[in-house]
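Participant: Sharing run21.pdb here; it has PDB, C-alpha atoms and all ligand atoms.
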```pdb
MODEL        1
ATOM      1  CA  MET A   1     112.747 121.136 106.159  1.00  0.00           C
ATOM      2  CA  LYS A   2     112.868 119.436 102.740  1.00  0.00           C
ATOM      3  CA  TYR A   3     109.785 118.054 100.982  1.00  0.00           C
ATOM      4  CA  ILE A   4     109.581 115.077  98.629  1.00  0.00           C
ATOM      5  CA  ILE A   5     106.065 114.964  97.231  1.00  0.00           C
ATOM      6  CA  GLY A   6     104.851 112.494  94.611  1.00  0.00           C
ATOM      7  CA  ASN A   7     102.019 113.471  92.282  1.00  0.00           C
ATOM      8  CA  TRP A   8     100.545 110.236  90.981  1.00  0.00           C
ATOM      9  CA  LYS A   9      98.198 112.069  88.577  1.00  0.00           C
ATOM     10  CA  MET A  10      95.636 109.672  86.998  1.00  0.00           C
ATOM     11  CA  ASN A  11      97.759 106.569  87.543  1.00  0.00           C
ATOM     12  CA  MET A  12      97.966 103.506  89.817  1.00  0.00           C
ATOM     13  CA  SER A  13      95.514 100.722  90.667  1.00  0.00           C
ATOM     14  CA  ALA A  14      94.660  99.431  94.137  1.00  0.00           C
ATOM     15  CA  GLY A  15      97.009  96.494  93.565  1.00  0.00           C
ATOM     16  CA  GLU A  16      99.827  98.738  92.378  1.00  0.00           C
ATOM     17  CA  ILE A  17      99.461 100.932  95.461  1.00  0.00           C
ATOM     18  CA  VAL A  18      99.759  97.888  97.741  1.00  0.00           C
ATOM     19  CA  GLU A  19     102.892  96.813  95.850  1.00  0.00           C
ATOM     20  CA  PHE A  20     104.334 100.344  95.878  1.00  0.00           C
ATOM     21  CA  THR A  21     103.783 100.581  99.634  1.00  0.00           C
ATOM     22  CA  ARG A  22     105.374  97.192 100.215  1.00  0.00           C
ATOM     23  CA  ARG A  23     108.475  98.139  98.233  1.00  0.00           C
ATOM     24  CA  VAL A  24     108.903 101.537  99.882  1.00  0.00           C
ATOM     25  CA  LYS A  25     108.533  99.999 103.346  1.00  0.00           C
ATOM     26  CA  LYS A  26     111.209  97.465 102.496  1.00  0.00           C
ATOM     27  CA  TYR A  27     113.755 100.271 102.159  1.00  0.00           C
ATOM     28  CA  LYS A  28     113.044 101.420 105.708  1.00  0.00           C
ATOM     29  CA  ILE A  29     113.588 105.087 104.891  1.00  0.00           C
ATOM     30  CA  PRO A  30     115.011 106.569 108.072  1.00  0.00           C
ATOM     31  CA  ARG A  31     112.707 108.939 109.841  1.00  0.00           C
ATOM     32  CA  LYS A  32     114.360 112.306 109.704  1.00  0.00           C
ATOM     33  CA  ARG A  33     112.874 115.286 111.415  1.00  0.00           C
ATOM     34  CA  ASN A  34     113.802 117.560 108.541  1.00  0.00           C
ATOM     35  CA  VAL A  35     112.309 115.606 105.609  1.00  0.00           C
ATOM     36  CA  GLN A  36     108.594 115.449 104.818  1.00  0.00           C
ATOM     37  CA  PHE A  37     107.285 112.891 102.314  1.00  0.00           C
ATOM     38  CA  GLY A  38     103.879 113.056 100.679  1.00  0.00           C
ATOM     39  CA  PHE A  39     101.738 111.651  97.891  1.00  0.00           C
ATOM     40  CA  ALA A  40      98.941 113.273  95.935  1.00  0.00           C
ATOM     41  CA  VAL A  41      96.663 110.312  95.319  1.00  0.00           C
ATOM     42  CA  PRO A  42      93.635 109.881  92.981  1.00  0.00           C
ATOM     43  CA  TYR A  43      90.464 110.516  95.024  1.00  0.00           C
ATOM     44  CA  VAL A  44      89.169 106.937  94.939  1.00  0.00           C
ATOM     45  CA  TYR A  45      92.307 105.567  96.588  1.00  0.00           C
ATOM     46  CA  ILE A  46      92.743 108.206  99.268  1.00  0.00           C
ATOM     47  CA  LEU A  47      90.826 106.462 102.043  1.00  0.00           C
ATOM     48  CA  GLY A  48      92.093 103.008 101.194  1.00  0.00           C
ATOM     49  CA  MET A  49      95.706 103.975 101.024  1.00  0.00           C
ATOM     50  CA  ALA A  50      97.425 102.646 104.097  1.00  0.00           C
ATOM     51  CA  LYS A  51      99.931 105.224 105.239  1.00  0.00           C
ATOM     52  CA  ILE A  52     103.365 104.170 104.058  1.00  0.00           C
ATOM     53  CA  GLN A  53     104.677 105.416 107.369  1.00  0.00           C
ATOM     54  CA  ASP A  54     102.708 107.484 109.813  1.00  0.00           C
ATOM     55  CA  TYR A  55     104.782 110.524 108.913  1.00  0.00           C
ATOM     56  CA  VAL A  56     103.872 110.492 105.208  1.00  0.00           C
ATOM     57  CA  TRP A  57     101.434 113.155 104.044  1.00  0.00           C
ATOM     58  CA  ILE A  58      98.486 112.116 101.912  1.00  0.00           C
ATOM     59  CA  GLY A  59      96.931 114.714  99.626  1.00  0.00           C
ATOM     60  CA  ALA A  60      94.551 115.250  96.719  1.00  0.00           C
ATOM     61  CA  GLN A  61      95.334 116.572  93.252  1.00  0.00           C
ATOM     62  CA  ASN A  62      92.427 118.955  92.855  1.00  0.00           C
ATOM     63  CA  VAL A  63      89.410 120.376  94.677  1.00  0.00           C
ATOM     64  CA  SER A  64      86.213 122.151  93.682  1.00  0.00           C
ATOM     65  CA  GLU A  65      86.025 125.893  94.234  1.00  0.00           C
ATOM     66  CA  HIS A  66      82.381 125.433  95.314  1.00  0.00           C
ATOM     67  CA  ASP A  67      80.795 124.545  98.626  1.00  0.00           C
ATOM     68  CA  ASN A  68      78.924 121.225  98.843  1.00  0.00           C
ATOM     69  CA  GLY A  69      75.875 121.082  96.593  1.00  0.00           C
ATOM     70  CA  ALA A  70      74.683 120.199  93.101  1.00  0.00           C
ATOM     71  CA  PHE A  71      78.066 119.872  91.346  1.00  0.00           C
ATOM     72  CA  THR A  72      78.052 116.324  89.960  1.00  0.00           C
ATOM     73  CA  GLY A  73      81.502 114.802  89.800  1.00  0.00           C
ATOM     74  CA  GLU A  74      83.207 117.396  92.002  1.00  0.00           C
ATOM     75  CA  VAL A  75      84.878 116.956  95.409  1.00  0.00           C
ATOM     76  CA  SER A  76      84.780 119.800  97.942  1.00  0.00           C
ATOM     77  CA  ALA A  77      87.362 121.167 100.348  1.00  0.00           C
ATOM     78  CA  SER A  78      85.035 120.285 103.227  1.00  0.00           C
ATOM     79  CA  MET A  79      85.201 116.613 102.124  1.00  0.00           C
ATOM     80  CA  LEU A  80      89.000 116.701 101.900  1.00  0.00           C
ATOM     81  CA  GLY A  81      89.146 118.252 105.369  1.00  0.00           C
ATOM     82  CA  ASP A  82      86.612 115.708 106.648  1.00  0.00           C
ATOM     83  CA  VAL A  83      88.872 112.756 105.776  1.00  0.00           C
ATOM     84  CA  GLY A  84      91.886 114.526 107.258  1.00  0.00           C
ATOM     85  CA  LEU A  85      93.972 115.180 104.159  1.00  0.00           C
ATOM     86  CA  ASP A  86      97.250 116.941 104.751  1.00  0.00           C
ATOM     87  CA  PHE A  87      97.390 118.898 101.495  1.00  0.00           C
ATOM     88  CA  CYS A  88      95.845 119.414  98.077  1.00  0.00           C
ATOM     89  CA  ILE A  89      97.526 120.426  94.821  1.00  0.00           C
ATOM     90  CA  VAL A  90      95.993 123.508  93.236  1.00  0.00           C
ATOM     91  CA  GLY A  91      96.617 125.046  89.825  1.00  0.00           C
ATOM     92  CA  HIS A  92      98.649 122.232  88.319  1.00  0.00           C
ATOM     93  CA  SER A  93      99.469 123.118  84.713  1.00  0.00           C
ATOM     94  CA  GLU A  94      97.511 120.083  83.503  1.00  0.00           C
ATOM     95  CA  ARG A  95      94.399 121.521  85.157  1.00  0.00           C
ATOM     96  CA  ARG A  96      95.146 124.951  83.739  1.00  0.00           C
ATOM     97  CA  THR A  97      95.751 123.767  80.170  1.00  0.00           C
ATOM     98  CA  LEU A  98      93.538 120.656  79.804  1.00  0.00           C
ATOM     99  CA  PHE A  99      90.628 121.862  81.940  1.00  0.00           C
ATOM    100  CA  ASN A 100      90.916 125.615  81.368  1.00  0.00           C
ATOM    101  CA  GLU A 101      91.358 126.366  85.068  1.00  0.00           C
ATOM    102  CA  THR A 102      91.805 130.102  85.600  1.00  0.00           C
ATOM    103  CA  ASP A 103      93.839 132.053  88.159  1.00  0.00           C
ATOM    104  CA  GLU A 104      90.522 133.160  89.688  1.00  0.00           C
ATOM    105  CA  GLN A 105      89.427 129.539  90.212  1.00  0.00           C
ATOM    106  CA  VAL A 106      92.830 128.709  91.678  1.00  0.00           C
ATOM    107  CA  ASN A 107      92.367 131.579  94.124  1.00  0.00           C
ATOM    108  CA  GLU A 108      88.875 130.376  95.132  1.00  0.00           C
ATOM    109  CA  LYS A 109      90.164 126.823  95.619  1.00  0.00           C
ATOM    110  CA  ILE A 110      92.957 128.017  97.916  1.00  0.00           C
ATOM    111  CA  LYS A 111      90.477 129.982 100.012  1.00  0.00           C
ATOM    112  CA  LYS A 112      88.159 126.970 100.324  1.00  0.00           C
ATOM    113  CA  LEU A 113      91.055 124.669 101.325  1.00  0.00           C
ATOM    114  CA  GLN A 114      92.162 127.156 103.967  1.00  0.00           C
ATOM    115  CA  GLN A 115      88.636 127.272 105.339  1.00  0.00           C
ATOM    116  CA  TYR A 116      88.813 123.494 105.998  1.00  0.00           C
ATOM    117  CA  ASP A 117      92.465 123.420 107.087  1.00  0.00           C
ATOM    118  CA  VAL A 118      93.807 121.466 104.137  1.00  0.00           C
ATOM    119  CA  MET A 119      97.144 122.960 103.107  1.00  0.00           C
ATOM    120  CA  PRO A 120      97.221 124.180  99.482  1.00  0.00           C
ATOM    121  CA  LEU A 121     100.185 123.203  97.332  1.00  0.00           C
ATOM    122  CA  LEU A 122     100.065 125.859  94.619  1.00  0.00           C
ATOM    123  CA  CYS A 123     101.685 125.042  91.261  1.00  0.00           C
ATOM    124  CA  ILE A 124     102.954 127.802  89.021  1.00  0.00           C
ATOM    125  CA  GLY A 125     105.034 127.712  85.861  1.00  0.00           C
ATOM    126  CA  GLU A 126     105.580 129.163  82.407  1.00  0.00           C
ATOM    127  CA  THR A 127     105.048 127.480  79.042  1.00  0.00           C
ATOM    128  CA  GLU A 128     107.917 126.863  76.647  1.00  0.00           C
ATOM    129  CA  GLU A 129     106.777 129.805  74.516  1.00  0.00           C
ATOM    130  CA  GLN A 130     106.797 132.123  77.523  1.00  0.00           C
ATOM    131  CA  TYR A 131     110.195 130.786  78.585  1.00  0.00           C
ATOM    132  CA  GLU A 132     111.661 131.400  75.110  1.00  0.00           C
ATOM    133  CA  ALA A 133     110.155 134.890  75.084  1.00  0.00           C
ATOM    134  CA  GLY A 134     111.884 135.693  78.395  1.00  0.00           C
ATOM    135  CA  SER A 135     108.587 136.339  80.183  1.00  0.00           C
ATOM    136  CA  THR A 136     108.917 133.693  82.909  1.00  0.00           C
ATOM    137  CA  LYS A 137     109.049 136.141  85.826  1.00  0.00           C
ATOM    138  CA  GLU A 138     106.132 138.180  84.548  1.00  0.00           C
ATOM    139  CA  VAL A 139     104.015 135.017  84.129  1.00  0.00           C
ATOM    140  CA  LEU A 140     104.932 133.677  87.574  1.00  0.00           C
ATOM    141  CA  LEU A 141     104.267 137.010  89.246  1.00  0.00           C
ATOM    142  CA  LYS A 142     100.784 137.171  87.718  1.00  0.00           C
ATOM    143  CA  GLN A 143     100.017 133.590  88.789  1.00  0.00           C
ATOM    144  CA  ILE A 144     101.268 134.200  92.332  1.00  0.00           C
ATOM    145  CA  THR A 145      99.516 137.535  92.767  1.00  0.00           C
ATOM    146  CA  LYS A 146      96.155 136.289  91.525  1.00  0.00           C
ATOM    147  CA  ALA A 147      96.295 132.934  93.328  1.00  0.00           C
ATOM    148  CA  LEU A 148      97.146 134.499  96.681  1.00  0.00           C
ATOM    149  CA  ASP A 149      94.846 137.510  96.497  1.00  0.00           C
ATOM    150  CA  GLY A 150      92.860 137.848  99.726  1.00  0.00           C
ATOM    151  CA  ILE A 151      93.923 134.501 101.199  1.00  0.00           C
ATOM    152  CA  ASP A 152      94.614 133.956 104.904  1.00  0.00           C
ATOM    153  CA  LYS A 153      98.307 134.823 105.185  1.00  0.00           C
ATOM    154  CA  THR A 154      98.630 133.267 108.626  1.00  0.00           C
ATOM    155  CA  LYS A 155      98.099 129.745 107.232  1.00  0.00           C
ATOM    156  CA  ASP A 156     100.737 127.514 105.644  1.00  0.00           C
ATOM    157  CA  ILE A 157     101.001 127.057 101.919  1.00  0.00           C
ATOM    158  CA  ILE A 158     103.581 125.418  99.672  1.00  0.00           C
ATOM    159  CA  VAL A 159     104.471 126.724  96.216  1.00  0.00           C
ATOM    160  CA  ALA A 160     105.830 124.470  93.471  1.00  0.00           C
ATOM    161  CA  TYR A 161     107.630 125.936  90.487  1.00  0.00           C
ATOM    162  CA  GLU A 162     106.915 123.605  87.587  1.00  0.00           C
ATOM    163  CA  PRO A 163     107.987 124.888  84.157  1.00  0.00           C
ATOM    164  CA  VAL A 164     105.304 123.465  81.853  1.00  0.00           C
ATOM    165  CA  TRP A 165     107.930 122.529  79.257  1.00  0.00           C
ATOM    166  CA  ALA A 166     109.756 120.362  81.813  1.00  0.00           C
ATOM    167  CA  ILE A 167     106.724 118.310  82.895  1.00  0.00           C
ATOM    168  CA  GLY A 168     106.825 114.749  81.608  1.00  0.00           C
ATOM    169  CA  THR A 169     109.253 115.706  78.858  1.00  0.00           C
ATOM    170  CA  GLY A 170     112.560 114.549  80.314  1.00  0.00           C
ATOM    171  CA  LYS A 171     113.782 118.167  79.989  1.00  0.00           C
ATOM    172  CA  THR A 172     114.742 119.752  83.289  1.00  0.00           C
ATOM    173  CA  ALA A 173     115.397 123.419  83.880  1.00  0.00           C
ATOM    174  CA  SER A 174     119.102 124.032  84.524  1.00  0.00           C
ATOM    175  CA  ILE A 175     120.190 124.289  88.131  1.00  0.00           C
ATOM    176  CA  GLU A 176     121.030 127.931  87.507  1.00  0.00           C
ATOM    177  CA  THR A 177     117.520 128.627  86.140  1.00  0.00           C
ATOM    178  CA  ILE A 178     115.902 126.768  89.033  1.00  0.00           C
ATOM    179  CA  ARG A 179     117.980 128.690  91.568  1.00  0.00           C
ATOM    180  CA  GLU A 180     117.313 132.062  89.995  1.00  0.00           C
ATOM    181  CA  THR A 181     113.596 131.447  89.495  1.00  0.00           C
ATOM    182  CA  ALA A 182     113.059 129.991  92.965  1.00  0.00           C
ATOM    183  CA  GLY A 183     114.925 133.010  94.370  1.00  0.00           C
ATOM    184  CA  PHE A 184     112.592 135.320  92.466  1.00  0.00           C
ATOM    185  CA  ILE A 185     109.513 133.446  93.751  1.00  0.00           C
ATOM    186  CA  ARG A 186     110.884 133.578  97.304  1.00  0.00           C
ATOM    187  CA  ALA A 187     111.337 137.337  97.113  1.00  0.00           C
ATOM    188  CA  GLU A 188     107.785 137.827  95.830  1.00  0.00           C
ATOM    189  CA  LEU A 189     106.336 135.539  98.516  1.00  0.00           C
ATOM    190  CA  ARG A 190     108.253 137.468 101.165  1.00  0.00           C
ATOM    191  CA  LYS A 191     106.545 140.668 100.009  1.00  0.00           C
ATOM    192  CA  ILE A 192     103.131 138.997 100.296  1.00  0.00           C
ATOM    193  CA  PHE A 193     103.565 137.036 103.536  1.00  0.00           C
ATOM    194  CA  GLY A 194     106.102 139.231 105.285  1.00  0.00           C
ATOM    195  CA  HIS A 195     108.314 136.215 106.029  1.00  0.00           C
ATOM    196  CA  ASN A 196     110.602 133.764 104.290  1.00  0.00           C
ATOM    197  CA  ASP A 197     109.002 130.534 105.493  1.00  0.00           C
ATOM    198  CA  THR A 198     106.946 129.447 102.467  1.00  0.00           C
ATOM    199  CA  PRO A 199     108.528 126.276 101.066  1.00  0.00           C
ATOM    200  CA  ILE A 200     109.325 126.367  97.339  1.00  0.00           C
ATOM    201  CA  LEU A 201     109.502 123.070  95.472  1.00  0.00           C
ATOM    202  CA  TYR A 202     110.716 122.335  91.969  1.00  0.00           C
ATOM    203  CA  GLY A 203     108.831 119.981  89.650  1.00  0.00           C
ATOM    204  CA  GLY A 204     109.432 118.833  86.093  1.00  0.00           C
ATOM    205  CA  SER A 205     111.174 115.594  85.115  1.00  0.00           C
ATOM    206  CA  VAL A 206     112.821 115.111  88.507  1.00  0.00           C
ATOM    207  CA  ASN A 207     114.494 111.692  88.509  1.00  0.00           C
ATOM    208  CA  PRO A 208     117.221 109.828  90.416  1.00  0.00           C
ATOM    209  CA  SER A 209     119.968 111.226  88.194  1.00  0.00           C
ATOM    210  CA  ASN A 210     119.151 114.918  88.695  1.00  0.00           C
ATOM    211  CA  SER A 211     117.577 114.910  92.168  1.00  0.00           C
ATOM    212  CA  ASP A 212     120.857 115.360  94.015  1.00  0.00           C
ATOM    213  CA  ALA A 213     121.657 118.633  92.299  1.00  0.00           C
ATOM    214  CA  ILE A 214     118.069 119.899  92.534  1.00  0.00           C
ATOM    215  CA  LEU A 215     117.551 119.021  96.190  1.00  0.00           C
ATOM    216  CA  HIS A 216     120.891 120.388  97.335  1.00  0.00           C
ATOM    217  CA  ASN A 217     120.125 123.771  95.870  1.00  0.00           C
ATOM    218  CA  ALA A 218     119.829 126.383  98.599  1.00  0.00           C
ATOM    219  CA  GLU A 219     116.800 128.081  97.011  1.00  0.00           C
ATOM    220  CA  VAL A 220     114.812 124.851  96.655  1.00  0.00           C
ATOM    221  CA  ASP A 221     112.985 123.227  99.574  1.00  0.00           C
ATOM    222  CA  GLY A 222     112.068 120.026  97.798  1.00  0.00           C
ATOM    223  CA  ALA A 223     110.629 118.333  94.739  1.00  0.00           C
ATOM    224  CA  LEU A 224     107.201 117.621  93.286  1.00  0.00           C
ATOM    225  CA  ILE A 225     107.661 114.418  91.333  1.00  0.00           C
ATOM    226  CA  GLY A 226     105.343 113.009  88.673  1.00  0.00           C
ATOM    227  CA  GLY A 227     106.447 110.018  86.597  1.00  0.00           C
ATOM    228  CA  ALA A 228     109.320 108.937  88.850  1.00  0.00           C
ATOM    229  CA  SER A 229     107.000 108.838  91.888  1.00  0.00           C
ATOM    230  CA  LEU A 230     105.071 105.909  90.368  1.00  0.00           C
ATOM    231  CA  ASP A 231     108.102 103.681  90.709  1.00  0.00           C
ATOM    232  CA  ALA A 232     108.956 102.801  94.322  1.00  0.00           C
ATOM    233  CA  ASP A 233     112.632 102.223  93.520  1.00  0.00           C
ATOM    234  CA  LYS A 234     113.021 105.569  91.761  1.00  0.00           C
ATOM    235  CA  PHE A 235     111.083 107.378  94.484  1.00  0.00           C
ATOM    236  CA  VAL A 236     113.327 105.931  97.175  1.00  0.00           C
ATOM    237  CA  GLN A 237     116.459 106.735  95.126  1.00  0.00           C
ATOM    238  CA  ILE A 238     115.317 110.362  94.858  1.00  0.00           C
ATOM    239  CA  ALA A 239     114.540 110.457  98.577  1.00  0.00           C
ATOM    240  CA  SER A 240     117.948 109.018  99.353  1.00  0.00           C
ATOM    241  CA  SER A 241     119.525 112.186  97.891  1.00  0.00           C
ATOM    242  CA  LEU A 242     118.654 113.613 101.300  1.00  0.00           C
ATOM    243  CA  PHE A 243     120.075 110.799 103.443  1.00  0.00           C
TER     244      PHE A 243
HETATM  245  P1  LIG A 301     107.062 114.756  85.887  1.00  0.00           P
HETATM  246  O1  LIG A 301     107.941 114.507  87.075  1.00  0.00           O
HETATM  247  O2  LIG A 301     106.482 113.494  85.302  1.00  0.00           O
HETATM  248  O3  LIG A 301     107.721 115.627  84.868  1.00  0.00           O
HETATM  249  O4  LIG A 301     105.777 115.562  86.404  1.00  0.00           O
HETATM  250  C1  LIG A 301     105.973 116.667  87.223  1.00  0.00           C
HETATM  251  C2  LIG A 301     104.662 117.105  87.739  1.00  0.00           C
HETATM  252  O5  LIG A 301     103.799 117.513  86.995  1.00  0.00           O
HETATM  253  C3  LIG A 301     104.433 117.001  89.182  1.00  0.00           C
HETATM  254  O6  LIG A 301     103.284 117.682  89.555  1.00  0.00           O
ENDMDL
END
```
How does the structure come out when it is put into C-alpha cells?

Facilitator:
Amino acid sequence: MKYIIGNWKMNMSAGEIVEFTRRVKKYKIPRKRNVQFGFAVPYVYILGMAKIQDYVWIGAQNVSEHDNGAFTGEVSASMLGDVGLDFCIVGHSERRTLFNETDEQVNEKIKKLQQYDVMPLLCIGETEEQYEAGSTKEVLLKQITKALDGIDKTKDIIVAYEPVWAIGTGKTASIETIRETAGFIRAELRKIFGHNDTPILYGGSVNPSNSDAILHNAEVDGALIGGASLDADKFVQIASSLF
C-alpha cells in the first residue's frame, strides 16, 4: 500500500475547498486498491468537507492530550473519534517548535487517539543543526522511543519522516538519505512492534518534480505533502506518480 496524504496546515477557505474538490474530481483518479489518499484538514472544515471520493481519508492536524473538560480552544480525541476521522497528525515539527510540544505530550496524544480509534500519524524529524552534526539517527530514535512508549502495539499507526530543514524550504533530502533514514526507522519500529507493517512516509518539499523518485523508493510507503497539496493540479500530478 502507498499513501499520499496532504497536510493543509492553516490554509484553505470553504470556497477554496469546494474548488479543490471539483478540480480533483475532474481528473477521475482511478481507484486503486493499493493507494490510499488522505487530507489533514483544519478543524472547522472537517465536517463540511465533502469526501473527494469515498475512499479518501479525512484527518485532523492536532489533538489535545486531555480528556474532555475545561480546556478552552482544544479539541479532544473523543471528538475526533465521534465525527469518524480516519487519522490525526501528531508531533508535527511546527507543533514541536512553534508550540513547544514535547515528546511526552506526543505520547499522551497517541494514547488518547488510540483510545478513540483514530489512527495516529506520528511525525518525526531532525533540525538542520542536528542533521549537520550527524545526529539524525539519535534524534529520531529518541522521538520514536518516547512517542511510542506504552502505546497499544496492536493498533495501526503511520510514521512520517519529515526533516525539519526540508519543510517548506524547497530543499528535499536526497533519495539516498531518505532511503537510509527510512530503513533505520523501519528497523527501529520492527523492534518495537515485532513486525514490519508500519507505513513510513516522507515529507518535506515533496512536489511533482521529485515525487516519482521519492514514491518509487522501496523504503518509503508514501508522502506527507504540505504546500503542494493545496494545489489540486500539483496534488494530482504527485498522485499520478503511482498510476
Ligand atoms: P511542505 O511539503 O510544504 O514542505 O510541508 C511538508 C509538511 O510539513 C507536511 O506535514

Participant: Counting only C-alpha atoms and all ligand atoms, which residues of chain A fall within 10 Å of ligand LIG 301 (chain A), and what is the closest atom pair for each with its distance in Å at one decimal, ordered by chain and rising number, as JSON lines?

Facilitator:
```
{"residue": "A:Ile5", "atom": "CA", "partner": "A:LIG301", "partner_atom": "C3", "distance": 8.5}
{"residue": "A:Gly6", "atom": "CA", "partner": "A:LIG301", "partner_atom": "C3", "distance": 7.1}
{"residue": "A:Asn7", "atom": "CA", "partner": "A:LIG301", "partner_atom": "O6", "distance": 5.2}
{"residue": "A:Trp8", "atom": "CA", "partner": "A:LIG301", "partner_atom": "C3", "distance": 8.0}
{"residue": "A:Lys9", "atom": "CA", "partner": "A:LIG301", "partner_atom": "O6", "distance": 7.6}
{"residue": "A:Ala40", "atom": "CA", "partner": "A:LIG301", "partner_atom": "O6", "distance": 8.9}
{"residue": "A:Gln61", "atom": "CA", "partner": "A:LIG301", "partner_atom": "O6", "distance": 8.8}
{"residue": "A:Ile89", "atom": "CA", "partner": "A:LIG301", "partner_atom": "O6", "distance": 8.3}
{"residue": "A:Gly91", "atom": "CA", "partner": "A:LIG301", "partner_atom": "O6", "distance": 9.9}
{"residue": "A:His92", "atom": "CA", "partner": "A:LIG301", "partner_atom": "O6", "distance": 6.6}
{"residue": "A:Ser93", "atom": "CA", "partner": "A:LIG301", "partner_atom": "O5", "distance": 7.4}
{"residue": "A:Glu94", "atom": "CA", "partner": "A:LIG301", "partner_atom": "O5", "distance": 7.6}
{"residue": "A:Cys123", "atom": "CA", "partner": "A:LIG301", "partner_atom": "O6", "distance": 7.7}
{"residue": "A:Ala160", "atom": "CA", "partner": "A:LIG301", "partner_atom": "O6", "distance": 8.2}
{"residue": "A:Tyr161", "atom": "CA", "partner": "A:LIG301", "partner_atom": "O6", "distance": 9.4}
{"residue": "A:Glu162", "atom": "CA", "partner": "A:LIG301", "partner_atom": "O5", "distance": 6.9}
{"residue": "A:Pro163", "atom": "CA", "partner": "A:LIG301", "partner_atom": "O5", "distance": 8.9}
{"residue": "A:Val164", "atom": "CA", "partner": "A:LIG301", "partner_atom": "O5", "distance": 8.0}
{"residue": "A:Trp165", "atom": "CA", "partner": "A:LIG301", "partner_atom": "O3", "distance": 8.9}
{"residue": "A:Ala166", "atom": "CA", "partner": "A:LIG301", "partner_atom": "O3", "distance": 6.0}
{"residue": "A:Ile167", "atom": "CA", "partner": "A:LIG301", "partner_atom": "O3", "distance": 3.5}
{"residue": "A:Gly168", "atom": "CA", "partner": "A:LIG301", "partner_atom": "O3", "distance": 3.5}
{"residue": "A:Thr169", "atom": "CA", "partner": "A:LIG301", "partner_atom": "O3", "distance": 6.2}
{"residue": "A:Gly170", "atom": "CA", "partner": "A:LIG301", "partner_atom": "O3", "distance": 6.7}
{"residue": "A:Lys171", "atom": "CA", "partner": "A:LIG301", "partner_atom": "O3", "distance": 8.2}
{"residue": "A:Thr172", "atom": "CA", "partner": "A:LIG301", "partner_atom": "O3", "distance": 8.3}
{"residue": "A:Tyr202", "atom": "CA", "partner": "A:LIG301", "partner_atom": "C3", "distance": 8.7}
{"residue": "A:Gly203", "atom": "CA", "partner": "A:LIG301", "partner_atom": "C1", "distance": 5.0}
{"residue": "A:Gly204", "atom": "CA", "partner": "A:LIG301", "partner_atom": "O3", "distance": 3.8}
{"residue": "A:Ser205", "atom": "CA", "partner": "A:LIG301", "partner_atom": "O3", "distance": 3.5}
{"residue": "A:Val206", "atom": "CA", "partner": "A:LIG301", "partner_atom": "O1", "distance": 5.1}
{"residue": "A:Asn207", "atom": "CA", "partner": "A:LIG301", "partner_atom": "O1", "distance": 7.3}
{"residue": "A:Ala223", "atom": "CA", "partner": "A:LIG301", "partner_atom": "C3", "distance": 8.4}
{"residue": "A:Leu224", "atom": "CA", "partner": "A:LIG301", "partner_atom": "C3", "distance": 5.0}
{"residue": "A:Ile225", "atom": "CA", "partner": "A:LIG301", "partner_atom": "O1", "distance": 4.3}
{"residue": "A:Gly226", "atom": "CA", "partner": "A:LIG301", "partner_atom": "O1", "distance": 3.4}
{"residue": "A:Gly227", "atom": "CA", "partner": "A:LIG301", "partner_atom": "O2", "distance": 3.7}
{"residue": "A:Ala228", "atom": "CA", "partner": "A:LIG301", "partner_atom": "O1", "distance": 6.0}
{"residue": "A:Ser229", "atom": "CA", "partner": "A:LIG301", "partner_atom": "O1", "distance": 7.5}
{"residue": "A:Leu230", "atom": "CA", "partner": "A:LIG301", "partner_atom": "O2", "distance": 9.2}
```

Participant: Under the rule that only C-alpha atoms are counted, which of A:Asn34, A:Thr145, A:Gln53, A:Thr21 is the nearest residue to Gly222 (chain A)?

Facilitator: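 Once distances to Gly222 (chain A) are computed over only C-alpha atoms, the minimum belongs to A:Asn34.
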
Participant: Take CA of Val56 (chain A) and CA of Ile17 (chain A) and report the distance between them in Å, one decimal.

Facilitator: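 These two atoms are separated by 14.3 Å.
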
Participant: Given all atoms listed in the file as the basis, pick out the residue of A:Leu113, A:Met12, A:Ala60, A:Ile200 nearest to Ala218 (chain A).

Facilitator: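 The closest residue to Ala218 (chain A) is A:Ile200.
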
Participant: Residues of region 24-115 of chain A that have any atom at most 8 Å from an atom of region 146-157 of chain A: could you tabulate them with the shortest-distance atom pair and the distance in Å to one decimal, using all atoms listed in the file, ordered by chain and increasing number, as JSON lines?

Facilitator:
```
{"residue": "A:Asp103", "atom": "CA", "partner": "A:Ala147", "partner_atom": "CA", "distance": 5.8}
{"residue": "A:Glu104", "atom": "CA", "partner": "A:Lys146", "partner_atom": "CA", "distance": 6.7}
{"residue": "A:Val106", "atom": "CA", "partner": "A:Ala147", "partner_atom": "CA", "distance": 5.7}
{"residue": "A:Asn107", "atom": "CA", "partner": "A:Ala147", "partner_atom": "CA", "distance": 4.2}
{"residue": "A:Ile110", "atom": "CA", "partner": "A:Ile151", "partner_atom": "CA", "distance": 7.3}
{"residue": "A:Lys111", "atom": "CA", "partner": "A:Ile151", "partner_atom": "CA", "distance": 5.8}
{"residue": "A:Gln114", "atom": "CA", "partner": "A:Lys155", "partner_atom": "CA", "distance": 7.3}
```

Participant: Between CA of Val63 (chain A) and CA of Gln143 (chain A), what is the distance in Å, rounded to a tenth?

Facilitator: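 Rounded to one decimal, the two atoms are 17.9 Å apart.
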
Participant: Care to translate the PyMOL selection byres (((chain A and resi 76) around 10) and not hetatm) into actual residues of this file, as a PyMOL selection string?

Facilitator: chain A and resi 62-69+71+74-75+77-82+109+112-113+116

Participant: Care to translate the PyMOL selection byres (((chain A and resi 210-212) around 9) and not hetatm) into actual residues of this file, as a list in words?

Facilitator: Thr172, Ser205, Val206, Asn207, Pro208, Ser209, Ala213, Ile214, Leu215, His216, Asn217, Ala223, Gln237, Ile238, Ala239, Ser240, Ser241 and Leu242 of chain A
